[in-house]
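Here's the structure we're looking at; comments come further down.
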Amino acid sequence: MGNGSESKVFVVGWPIDHSRSPIIHNYWIEQHGLKGSYERQACPPEDFERFLASMEGAGFIGGNVTIPHKEAAFRGVGWCDGTAQALGAVNTLWLDGGQICGSNTDGYGFLANLDDLAPGWSSVENLDRGALVIGAGGASRAVVHALVERGFKTVVIANRTLERAQQLAENFGPACLATGLADALDRLPAPAFVVNTTSLGMGKNVELPIDVSGLPEDTLVHDIVYTPLVTPLLGAARKSGLRTVDGLGMLLHQAVPGFERWFGIRPEVTAELRALVLAGTKDAP
Ligand code: ATR
């Protein structure tokens with residue numbers, strides 16, 4: 001942690017050029033007048049084990065792990081917390097007495113963003129009504145775990161490939177039910193909350209994962225995709241008069257615990273930071 005000498009932190013992935021995490025952490029480093037750096041590290045899968053082993057020698061105090069290394073990071077750490085264990089994936093690393101430790105802050109970021117932008121979204125009444133999660137990949141895992149931890153009584157996981165949804169549902173207990181995409185709203189006709197965790201809506205993929213026109217008027221619709229910021233799902237939900245939350249805040253909030261761990265200061269997610277990341281104007285060297 002910060003002790004006067006420069007604290008070096010990384011984000012490692014493959015590819016890594018697109019990562020906006022340096023904008024976030026370097027903004028906070030500058031804002032708090034810290035001696036530190038946060039830099040991208042491109043690392044192909046076959047080199048990841050070596051990268052972890054060389055982390056301390058290279059002078060890093062910790063870092064973030066992104067696609068495709070989160071599961072390898074889980075296997076490579078000497079210790080990890082309960083959330084990382086439940087997910088089998090690590091996105092935040094730090095050194096403790098020479099031991100590499102890991103956590104997973106994706107679920108925290110997901111919840112903190114909604115708490116920030118849609119207060120009351122997980123009221124007791126909404127926990128009873130249940131949530132619909134579209135997708136059953138790695139991102140969905142973190143989201144489903146977070147929703148169950150928050151206390152949603154029913155979490156329906158709808159996925160193109162039913163078996164993946166079933167596996168996830170079995171993993172996270174009796175609150176979770178698996179279904180195909182077409183049946184999603186038959187299983188839970190009036191969810192308090194709907195979230196897309198698939199790549200549908202990203203880039204050229206403009207397909208809608210579900211038809212939102214029949215949802216109750218107070219359902220909150222969220223997409224963890226943030227490129228574009230208003231995905232086709234969010235656009236359709238808004239057209240139907242539904243409340244929406246975009247996915248950019250999850251990226252911002254998931255960075256908070258790591259920064260606090262490395263630098264000893266709990267940073268804030270501000271409107272200025274959000275605008276900066278959105279514009280991508282201020283980048284890491
Ligand atoms: P991530 O770790 O980002 O979640 P992933 O593990 O590859 O990525 O999962 C991608 C998710 O998007 C899966 O739920 C996937 O559905 P399948 O399990 O059926 O593959 C979903 N997905 C991707 N492209 C899709 C498409 N064109 N239509 C429907 N679902 C799609």
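By convention here, the chains of the structure tokens are called A, B, ... in the order presented, each chain's residues are numbered starting at 1, and ligands are numbered starting at 1 in the order presented.
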Tell me, counting only C-alpha atoms and all ligand atoms, for each residue of chain A within 12 Å of ligand 1, which pair of atoms is nearest and how far apart they are in Å to one decimal, in rows ordered by chain and increasing number, as CSV.
```
residue,atom,partner,partner_atom_place_in_ligand_line,distance
A:Thr66,CA,ligand 1,2 (O),10.1
A:Ile67,CA,ligand 1,2 (O),7.8
A:Pro68,CA,ligand 1,2 (O),8.5
A:His69,CA,ligand 1,2 (O),10.8
A:Lys70,CA,ligand 1,2 (O),9.5
A:Glu71,CA,ligand 1,2 (O),10.4
A:Leu87,CA,ligand 1,2 (O),11.5
A:Ala89,CA,ligand 1,2 (O),10.4
A:Asp106,CA,ligand 1,2 (O),11.5
A:Val133,CA,ligand 1,14 (O),9.7
A:Ile134,CA,ligand 1,14 (O),7.0
A:Gly135,CA,ligand 1,14 (O),3.4
A:Ala136,CA,ligand 1,14 (O),3.9
A:Gly137,CA,ligand 1,6 (O),3.3
A:Gly138,CA,ligand 1,2 (O),3.5
A:Ala139,CA,ligand 1,4 (O),3.9
A:Ser140,CA,ligand 1,4 (O),5.6
A:Arg141,CA,ligand 1,4 (O),7.7
A:Ala142,CA,ligand 1,4 (O),9.1
A:Val143,CA,ligand 1,4 (O),9.9
A:Val144,CA,ligand 1,4 (O),11.5
A:Ile157,CA,ligand 1,14 (O),9.4
A:Ala158,CA,ligand 1,14 (O),8.2
A:Asn159,CA,ligand 1,14 (O),5.5
A:Arg160,CA,ligand 1,19 (O),3.9
A:Thr161,CA,ligand 1,19 (O),3.7
A:Leu162,CA,ligand 1,19 (O),7.2
A:Glu163,CA,ligand 1,18 (O),8.1
A:Arg164,CA,ligand 1,18 (O),5.8
A:Ala165,CA,ligand 1,18 (O),7.6
A:Gln166,CA,ligand 1,18 (O),10.6
A:Gln167,CA,ligand 1,18 (O),10.7
A:Leu168,CA,ligand 1,14 (O),10.5
A:Ala178,CA,ligand 1,14 (O),11.9
A:Thr179,CA,ligand 1,19 (O),11.4
A:Gly180,CA,ligand 1,19 (O),9.1
A:Leu181,CA,ligand 1,29 (C),7.8
A:Ala182,CA,ligand 1,29 (C),10.5
A:Val195,CA,ligand 1,14 (O),12.0
A:Asn196,CA,ligand 1,12 (O),8.8
A:Thr197,CA,ligand 1,4 (O),6.2
A:Thr198,CA,ligand 1,12 (O),3.5
A:Ser199,CA,ligand 1,12 (O),5.2
A:Leu200,CA,ligand 1,25 (C),5.7
A:Gly201,CA,ligand 1,27 (N),9.2
A:Met202,CA,ligand 1,24 (N),9.6
A:Gly203,CA,ligand 1,24 (N),11.8
A:Lys204,CA,ligand 1,27 (N),10.7
A:Asn205,CA,ligand 1,27 (N),7.4
A:Val206,CA,ligand 1,27 (N),9.4
A:Glu207,CA,ligand 1,27 (N),7.6
A:Leu208,CA,ligand 1,28 (N),8.8
A:Pro209,CA,ligand 1,29 (C),6.7
A:Ile210,CA,ligand 1,29 (C),9.9
A:Ile224,CA,ligand 1,3 (O),9.7
A:Val225,CA,ligand 1,3 (O),9.3
```
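The environment of Thr105 of chain A within 9 Å, counting only C-alpha atoms and disregarding residues fewer than 6 places along the same chain, consists of Thr83, Ala84, Val90, Asn91, Thr92, Ala142, His253, Gln254, Ala255, Val256, Pro257 and Gly258 of chain A.
Put simply, atom CA of Ala73 of chain A is 9.2 Å away from atom CA of Gly88 of chain A.
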Shell around Val269 of chain A at 12 Å using only C-alpha atoms, local window under 5 positions removed, as a JSON list (two decimals) with all heavy atoms, in the first residue's frame:
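Result file follows (out34.json):
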```
[["chain", "number", "residue", "atom", "x", "y", "z"],
["A", 24, "ILE", "N", -9.81, 5.55, -15.02],
["A", 24, "ILE", "CA", -10.44, 5.64, -13.70],
["A", 24, "ILE", "C", -9.38, 5.79, -12.61],
["A", 24, "ILE", "O", -9.42, 6.72, -11.79],
["A", 24, "ILE", "CB", -11.28, 4.37, -13.43],
["A", 24, "ILE", "CG1", -12.34, 4.17, -14.52],
["A", 24, "ILE", "CG2", -11.92, 4.42, -12.04],
["A", 24, "ILE", "CD1", -13.05, 2.82, -14.46],
["A", 25, "HIS", "N", -8.43, 4.86, -12.59],
["A", 25, "HIS", "CA", -7.47, 4.85, -11.48],
["A", 25, "HIS", "C", -6.50, 6.03, -11.54],
["A", 25, "HIS", "O", -6.13, 6.59, -10.51],
["A", 25, "HIS", "CB", -6.72, 3.51, -11.46],
["A", 25, "HIS", "CG", -7.61, 2.38, -10.99],
["A", 25, "HIS", "ND1", -7.89, 2.16, -9.66],
["A", 25, "HIS", "CD2", -8.31, 1.45, -11.68],
["A", 25, "HIS", "CE1", -8.71, 1.13, -9.55],
["A", 25, "HIS", "NE2", -8.99, 0.68, -10.77],
["A", 27, "TYR", "N", -7.20, 8.92, -12.72],
["A", 27, "TYR", "CA", -7.99, 10.08, -12.28],
["A", 27, "TYR", "C", -7.94, 10.18, -10.76],
["A", 27, "TYR", "O", -7.70, 11.25, -10.19],
["A", 27, "TYR", "CB", -9.42, 9.91, -12.79],
["A", 27, "TYR", "CG", -10.44, 10.87, -12.19],
["A", 27, "TYR", "CD1", -10.59, 12.16, -12.67],
["A", 27, "TYR", "CD2", -11.27, 10.45, -11.15],
["A", 27, "TYR", "CE1", -11.55, 13.02, -12.14],
["A", 27, "TYR", "CE2", -12.23, 11.30, -10.61],
["A", 27, "TYR", "CZ", -12.36, 12.59, -11.10],
["A", 27, "TYR", "OH", -13.31, 13.43, -10.57],
["A", 28, "TRP", "N", -8.16, 9.06, -10.08],
["A", 28, "TRP", "CA", -8.16, 9.06, -8.61],
["A", 28, "TRP", "C", -6.75, 9.32, -8.06],
["A", 28, "TRP", "O", -6.60, 10.02, -7.06],
["A", 28, "TRP", "CB", -8.70, 7.73, -8.09],
["A", 28, "TRP", "CG", -10.19, 7.56, -8.22],
["A", 28, "TRP", "CD1", -11.14, 8.56, -8.22],
["A", 28, "TRP", "CD2", -10.92, 6.34, -8.36],
["A", 28, "TRP", "NE1", -12.40, 8.02, -8.35],
["A", 28, "TRP", "CE2", -12.30, 6.67, -8.43],
["A", 28, "TRP", "CE3", -10.55, 4.99, -8.43],
["A", 28, "TRP", "CZ2", -13.30, 5.69, -8.55],
["A", 28, "TRP", "CZ3", -11.53, 4.02, -8.55],
["A", 28, "TRP", "CH2", -12.90, 4.38, -8.62],
["A", 31, "GLN", "N", -6.28, 12.97, -8.45],
["A", 31, "GLN", "CA", -7.21, 13.70, -7.58],
["A", 31, "GLN", "C", -6.70, 13.72, -6.14],
["A", 31, "GLN", "O", -6.84, 14.73, -5.44],
["A", 31, "GLN", "CB", -8.58, 13.02, -7.64],
["A", 31, "GLN", "CG", -9.67, 13.73, -6.87],
["A", 31, "GLN", "CD", -10.96, 12.90, -6.84],
["A", 31, "GLN", "OE1", -10.94, 11.68, -6.73],
["A", 31, "GLN", "NE2", -12.08, 13.58, -6.98],
["A", 109, "GLY", "N", -19.54, -4.00, -7.75],
["A", 109, "GLY", "CA", -19.74, -2.89, -8.68],
["A", 109, "GLY", "C", -21.14, -2.86, -9.24],
["A", 109, "GLY", "O", -21.76, -1.79, -9.38],
["A", 112, "ALA", "N", -23.46, -1.69, -6.31],
["A", 112, "ALA", "CA", -23.20, -0.30, -5.91],
["A", 112, "ALA", "C", -23.73, 0.68, -6.97],
["A", 112, "ALA", "O", -24.25, 1.76, -6.64],
["A", 112, "ALA", "CB", -21.71, -0.08, -5.68],
["A", 113, "ASN", "N", -23.61, 0.30, -8.24],
["A", 113, "ASN", "CA", -24.12, 1.15, -9.32],
["A", 113, "ASN", "C", -25.62, 1.32, -9.22],
["A", 113, "ASN", "O", -26.15, 2.43, -9.33],
["A", 113, "ASN", "CB", -23.72, 0.53, -10.67],
["A", 113, "ASN", "CG", -24.20, 1.33, -11.85],
["A", 113, "ASN", "OD1", -24.20, 2.56, -11.82],
["A", 113, "ASN", "ND2", -24.60, 0.64, -12.91],
["A", 116, "ASP", "N", -26.64, 3.36, -6.26],
["A", 116, "ASP", "CA", -26.34, 4.76, -6.53],
["A", 116, "ASP", "C", -27.41, 5.40, -7.43],
["A", 116, "ASP", "O", -27.94, 6.48, -7.12],
["A", 116, "ASP", "CB", -24.96, 4.80, -7.23],
["A", 116, "ASP", "CG", -24.45, 6.20, -7.46],
["A", 116, "ASP", "OD1", -24.98, 7.13, -6.81],
["A", 116, "ASP", "OD2", -23.52, 6.37, -8.27],
["A", 117, "LEU", "N", -27.74, 4.71, -8.53],
["A", 117, "LEU", "CA", -28.59, 5.34, -9.55],
["A", 117, "LEU", "C", -30.08, 4.98, -9.45],
["A", 117, "LEU", "O", -30.91, 5.65, -10.06],
["A", 117, "LEU", "CB", -28.07, 4.98, -10.95],
["A", 117, "LEU", "CG", -26.65, 5.48, -11.26],
["A", 117, "LEU", "CD1", -26.24, 5.09, -12.67],
["A", 117, "LEU", "CD2", -26.54, 6.98, -11.07],
["A", 248, "LEU", "N", -22.29, 1.63, -17.39],
["A", 248, "LEU", "CA", -21.00, 2.28, -17.16],
["A", 248, "LEU", "C", -20.64, 2.34, -15.66],
["A", 248, "LEU", "O", -19.48, 2.16, -15.28],
["A", 248, "LEU", "CB", -21.00, 3.69, -17.76],
["A", 248, "LEU", "CG", -19.67, 4.44, -17.69],
["A", 248, "LEU", "CD1", -18.58, 3.69, -18.46],
["A", 248, "LEU", "CD2", -19.80, 5.85, -18.23],
["A", 249, "GLY", "N", -21.64, 2.59, -14.84],
["A", 249, "GLY", "CA", -21.40, 2.72, -13.40],
["A", 249, "GLY", "C", -20.85, 1.46, -12.76],
["A", 249, "GLY", "O", -20.12, 1.51, -11.77],
["A", 250, "MET", "N", -21.18, 0.30, -13.32],
["A", 250, "MET", "CA", -20.65, -0.96, -12.77],
["A", 250, "MET", "C", -19.13, -0.99, -12.92],
["A", 250, "MET", "O", -18.41, -1.38, -12.01],
["A", 250, "MET", "CB", -21.29, -2.15, -13.49],
["A", 250, "MET", "CG", -20.76, -3.50, -13.03],
["A", 250, "MET", "SD", -21.70, -4.86, -13.78],
["A", 250, "MET", "CE", -20.69, -6.26, -13.33],
["A", 251, "LEU", "N", -18.66, -0.53, -14.10],
["A", 251, "LEU", "CA", -17.22, -0.46, -14.34],
["A", 251, "LEU", "C", -16.54, 0.49, -13.34],
["A", 251, "LEU", "O", -15.48, 0.20, -12.80],
["A", 251, "LEU", "CB", -16.96, 0.03, -15.77],
["A", 251, "LEU", "CG", -15.51, 0.32, -16.13],
["A", 251, "LEU", "CD1", -14.75, -0.99, -16.34],
["A", 251, "LEU", "CD2", -15.39, 1.20, -17.36],
["A", 252, "LEU", "N", -17.20, 1.62, -13.09],
["A", 252, "LEU", "CA", -16.61, 2.62, -12.18],
["A", 252, "LEU", "C", -16.60, 2.10, -10.74],
["A", 252, "LEU", "O", -15.59, 2.19, -10.05],
["A", 252, "LEU", "CB", -17.40, 3.93, -12.26],
["A", 252, "LEU", "CG", -17.57, 4.53, -13.66],
["A", 252, "LEU", "CD1", -18.41, 5.81, -13.59],
["A", 252, "LEU", "CD2", -16.23, 4.83, -14.31],
["A", 253, "HIS", "N", -17.71, 1.55, -10.31],
["A", 253, "HIS", "CA", -17.82, 1.12, -8.91],
["A", 253, "HIS", "C", -16.97, -0.12, -8.61],
["A", 253, "HIS", "O", -16.45, -0.26, -7.50],
["A", 253, "HIS", "CB", -19.28, 0.86, -8.54],
["A", 253, "HIS", "CG", -20.06, 2.12, -8.28],
["A", 253, "HIS", "ND1", -19.99, 2.80, -7.09],
["A", 253, "HIS", "CD2", -20.89, 2.83, -9.07],
["A", 253, "HIS", "CE1", -20.77, 3.86, -7.15],
["A", 253, "HIS", "NE2", -21.32, 3.91, -8.34],
["A", 254, "GLN", "N", -16.81, -1.03, -9.59],
["A", 254, "GLN", "CA", -16.00, -2.23, -9.30],
["A", 254, "GLN", "C", -14.54, -1.85, -9.06],
["A", 254, "GLN", "O", -13.78, -2.63, -8.48],
["A", 254, "GLN", "CB", -16.14, -3.30, -10.40],
["A", 254, "GLN", "CG", -15.62, -2.93, -11.79],
["A", 254, "GLN", "CD", -14.10, -2.97, -11.93],
["A", 254, "GLN", "OE1", -13.45, -3.79, -11.28],
["A", 254, "GLN", "NE2", -13.56, -2.09, -12.74],
["A", 255, "ALA", "N", -14.15, -0.66, -9.48],
["A", 255, "ALA", "CA", -12.76, -0.22, -9.30],
["A", 255, "ALA", "C", -12.49, 0.29, -7.88],
["A", 255, "ALA", "O", -11.33, 0.37, -7.46],
["A", 255, "ALA", "CB", -12.44, 0.89, -10.32],
["A", 256, "VAL", "N", -13.54, 0.65, -7.16],
["A", 256, "VAL", "CA", -13.38, 1.30, -5.85],
["A", 256, "VAL", "C", -12.62, 0.42, -4.83],
["A", 256, "VAL", "O", -11.64, 0.88, -4.23],
["A", 256, "VAL", "CB", -14.75, 1.76, -5.29],
["A", 256, "VAL", "CG1", -14.65, 2.18, -3.82],
["A", 256, "VAL", "CG2", -15.30, 2.90, -6.13],
["A", 257, "PRO", "N", -13.05, -0.84, -4.59],
["A", 257, "PRO", "CA", -12.36, -1.62, -3.55],
["A", 257, "PRO", "C", -10.88, -1.85, -3.85],
["A", 257, "PRO", "O", -10.06, -1.86, -2.92],
["A", 257, "PRO", "CB", -13.13, -2.95, -3.54],
["A", 257, "PRO", "CG", -14.46, -2.64, -4.15],
["A", 257, "PRO", "CD", -14.20, -1.58, -5.16],
["A", 259, "PHE", "N", -8.80, 0.13, -5.58],
["A", 259, "PHE", "CA", -8.05, 1.38, -5.33],
["A", 259, "PHE", "C", -7.85, 1.57, -3.83],
["A", 259, "PHE", "O", -6.76, 1.93, -3.38],
["A", 259, "PHE", "CB", -8.81, 2.57, -5.93],
["A", 259, "PHE", "CG", -8.01, 3.84, -5.90],
["A", 259, "PHE", "CD1", -7.22, 4.21, -6.97],
["A", 259, "PHE", "CD2", -8.05, 4.68, -4.78],
["A", 259, "PHE", "CE1", -6.47, 5.39, -6.94],
["A", 259, "PHE", "CE2", -7.31, 5.85, -4.75],
["A", 259, "PHE", "CZ", -6.52, 6.21, -5.82],
["A", 274, "ARG", "N", -17.39, 9.86, -14.48],
["A", 274, "ARG", "CA", -18.25, 9.19, -15.46],
["A", 274, "ARG", "C", -18.11, 9.85, -16.84],
["A", 274, "ARG", "O", -17.95, 9.17, -17.85],
["A", 274, "ARG", "CB", -19.71, 9.28, -14.96],
["A", 274, "ARG", "CG", -20.66, 8.40, -15.69],
["A", 274, "ARG", "CD", -22.08, 8.58, -15.18],
["A", 274, "ARG", "NE", -22.99, 8.36, -16.28],
["A", 274, "ARG", "CZ", -23.44, 7.17, -16.65],
["A", 274, "ARG", "NH1", -23.12, 6.11, -15.97],
["A", 274, "ARG", "NH2", -24.22, 7.04, -17.68],
["A", 275, "ALA", "N", -18.12, 11.17, -16.87],
["A", 275, "ALA", "CA", -18.01, 11.89, -18.14],
["A", 275, "ALA", "C", -16.64, 11.65, -18.78],
["A", 275, "ALA", "O", -16.52, 11.50, -20.00],
["A", 275, "ALA", "CB", -18.24, 13.38, -17.91],
["A", 276, "LEU", "N", -15.62, 11.61, -17.95],
["A", 276, "LEU", "CA", -14.25, 11.40, -18.43],
["A", 276, "LEU", "C", -14.10, 10.03, -19.09],
["A", 276, "LEU", "O", -13.53, 9.90, -20.18],
["A", 276, "LEU", "CB", -13.30, 11.50, -17.22],
["A", 276, "LEU", "CG", -11.83, 11.70, -17.49],
["A", 276, "LEU", "CD1", -11.58, 13.01, -18.20],
["A", 276, "LEU", "CD2", -11.08, 11.67, -16.15],
["A", 277, "VAL", "N", -14.63, 9.02, -18.42],
["A", 277, "VAL", "CA", -14.52, 7.66, -18.95],
["A", 277, "VAL", "C", -15.35, 7.54, -20.22],
["A", 277, "VAL", "O", -14.94, 6.90, -21.20],
["A", 277, "VAL", "CB", -14.96, 6.62, -17.89],
["A", 277, "VAL", "CG1", -15.01, 5.22, -18.49],
["A", 277, "VAL", "CG2", -14.01, 6.66, -16.70]]
```
All residues 10 Å or closer to segment 49-62 of chain A, only C-alpha atoms, same chain fewer than 6 positions away omitted, as a PyMOL selection string = chain A and resi 1-2+6-12+37-38+41-43+69+72-73+75-77+92-96+98-102+258-259+261-263
task = Please identify all polymer residues within 12 Å of Asp115 of chain A, counting only C-alpha atoms, omitting same-chain residues fewer than 4 positions from it, and present them as number ranges by chain.
result = A: 108-111, 119-123, 150, 245, 249-250, 253
request  = Could you find all residues in segment 35-128 of chain A that DSSP calls helix (DSSP H, G or I) from the backbone, and write them as a PyMOL selection string?
outcome  = chain A and resi 45-54+70-76+82-87+106-117+124-128
File dump, residues just selected, C-alpha atoms, as a PDB file, in the first residue's frame:
```pdb
ATOM      1  CA  PRO A  45      -2.989 -16.731 -21.853  1.00  0.00           C
ATOM      2  CA  GLU A  46       0.110 -18.922 -22.117  1.00  0.00           C
ATOM      3  CA  ASP A  47       2.187 -16.273 -20.303  1.00  0.00           C
ATOM      4  CA  PHE A  48      -0.230 -15.488 -17.488  1.00  0.00           C
ATOM      5  CA  GLU A  49       1.272 -17.814 -14.877  1.00  0.00           C
ATOM      6  CA  ARG A  50       4.687 -16.281 -15.530  1.00  0.00           C
ATOM      7  CA  PHE A  51       3.185 -12.798 -15.309  1.00  0.00           C
ATOM      8  CA  LEU A  52       1.759 -13.531 -11.854  1.00  0.00           C
ATOM      9  CA  ALA A  53       5.052 -15.007 -10.656  1.00  0.00           C
ATOM     10  CA  SER A  54       6.940 -11.901 -11.806  1.00  0.00           C
ATOM     11  CA  LYS A  70     -10.006 -14.066 -14.351  1.00  0.00           C
ATOM     12  CA  GLU A  71     -10.287 -17.848 -13.876  1.00  0.00           C
ATOM     13  CA  ALA A  72      -6.509 -18.358 -14.238  1.00  0.00           C
ATOM     14  CA  ALA A  73      -5.974 -15.628 -11.639  1.00  0.00           C
ATOM     15  CA  PHE A  74      -8.314 -17.492  -9.278  1.00  0.00           C
ATOM     16  CA  ARG A  75      -6.206 -20.624  -9.708  1.00  0.00           C
ATOM     17  CA  GLY A  76      -2.954 -18.695  -9.362  1.00  0.00           C
ATOM     18  CA  GLY A  82     -15.275 -15.829  -0.278  1.00  0.00           C
ATOM     19  CA  THR A  83     -16.717 -13.905  -3.222  1.00  0.00           C
ATOM     20  CA  ALA A  84     -13.857 -14.927  -5.518  1.00  0.00           C
ATOM     21  CA  GLN A  85     -14.265 -18.502  -4.295  1.00  0.00           C
ATOM     22  CA  ALA A  86     -17.987 -18.481  -5.038  1.00  0.00           C
ATOM     23  CA  LEU A  87     -17.335 -17.153  -8.552  1.00  0.00           C
ATOM     24  CA  ASP A 106     -17.672  -7.304 -10.192  1.00  0.00           C
ATOM     25  CA  GLY A 107     -20.717  -8.143  -8.067  1.00  0.00           C
ATOM     26  CA  TYR A 108     -19.938  -5.275  -5.695  1.00  0.00           C
ATOM     27  CA  GLY A 109     -19.737  -2.887  -8.684  1.00  0.00           C
ATOM     28  CA  PHE A 110     -23.012  -4.177 -10.063  1.00  0.00           C
ATOM     29  CA  LEU A 111     -24.867  -3.619  -6.764  1.00  0.00           C
ATOM     30  CA  ALA A 112     -23.201  -0.297  -5.914  1.00  0.00           C
ATOM     31  CA  ASN A 113     -24.118   1.155  -9.319  1.00  0.00           C
ATOM     32  CA  LEU A 114     -27.785   0.274  -8.858  1.00  0.00           C
ATOM     33  CA  ASP A 115     -27.800   1.492  -5.242  1.00  0.00           C
ATOM     34  CA  ASP A 116     -26.340   4.757  -6.532  1.00  0.00           C
ATOM     35  CA  LEU A 117     -28.593   5.336  -9.545  1.00  0.00           C
ATOM     36  CA  VAL A 124     -38.219  -5.839   0.440  1.00  0.00           C
ATOM     37  CA  GLU A 125     -41.171  -5.812  -1.946  1.00  0.00           C
ATOM     38  CA  ASN A 126     -38.864  -6.027  -4.970  1.00  0.00           C
ATOM     39  CA  LEU A 127     -36.816  -8.828  -3.397  1.00  0.00           C
ATOM     40  CA  ASP A 128     -40.082 -10.779  -3.159  1.00  0.00           C
TER      41      ASP A 128
END
```
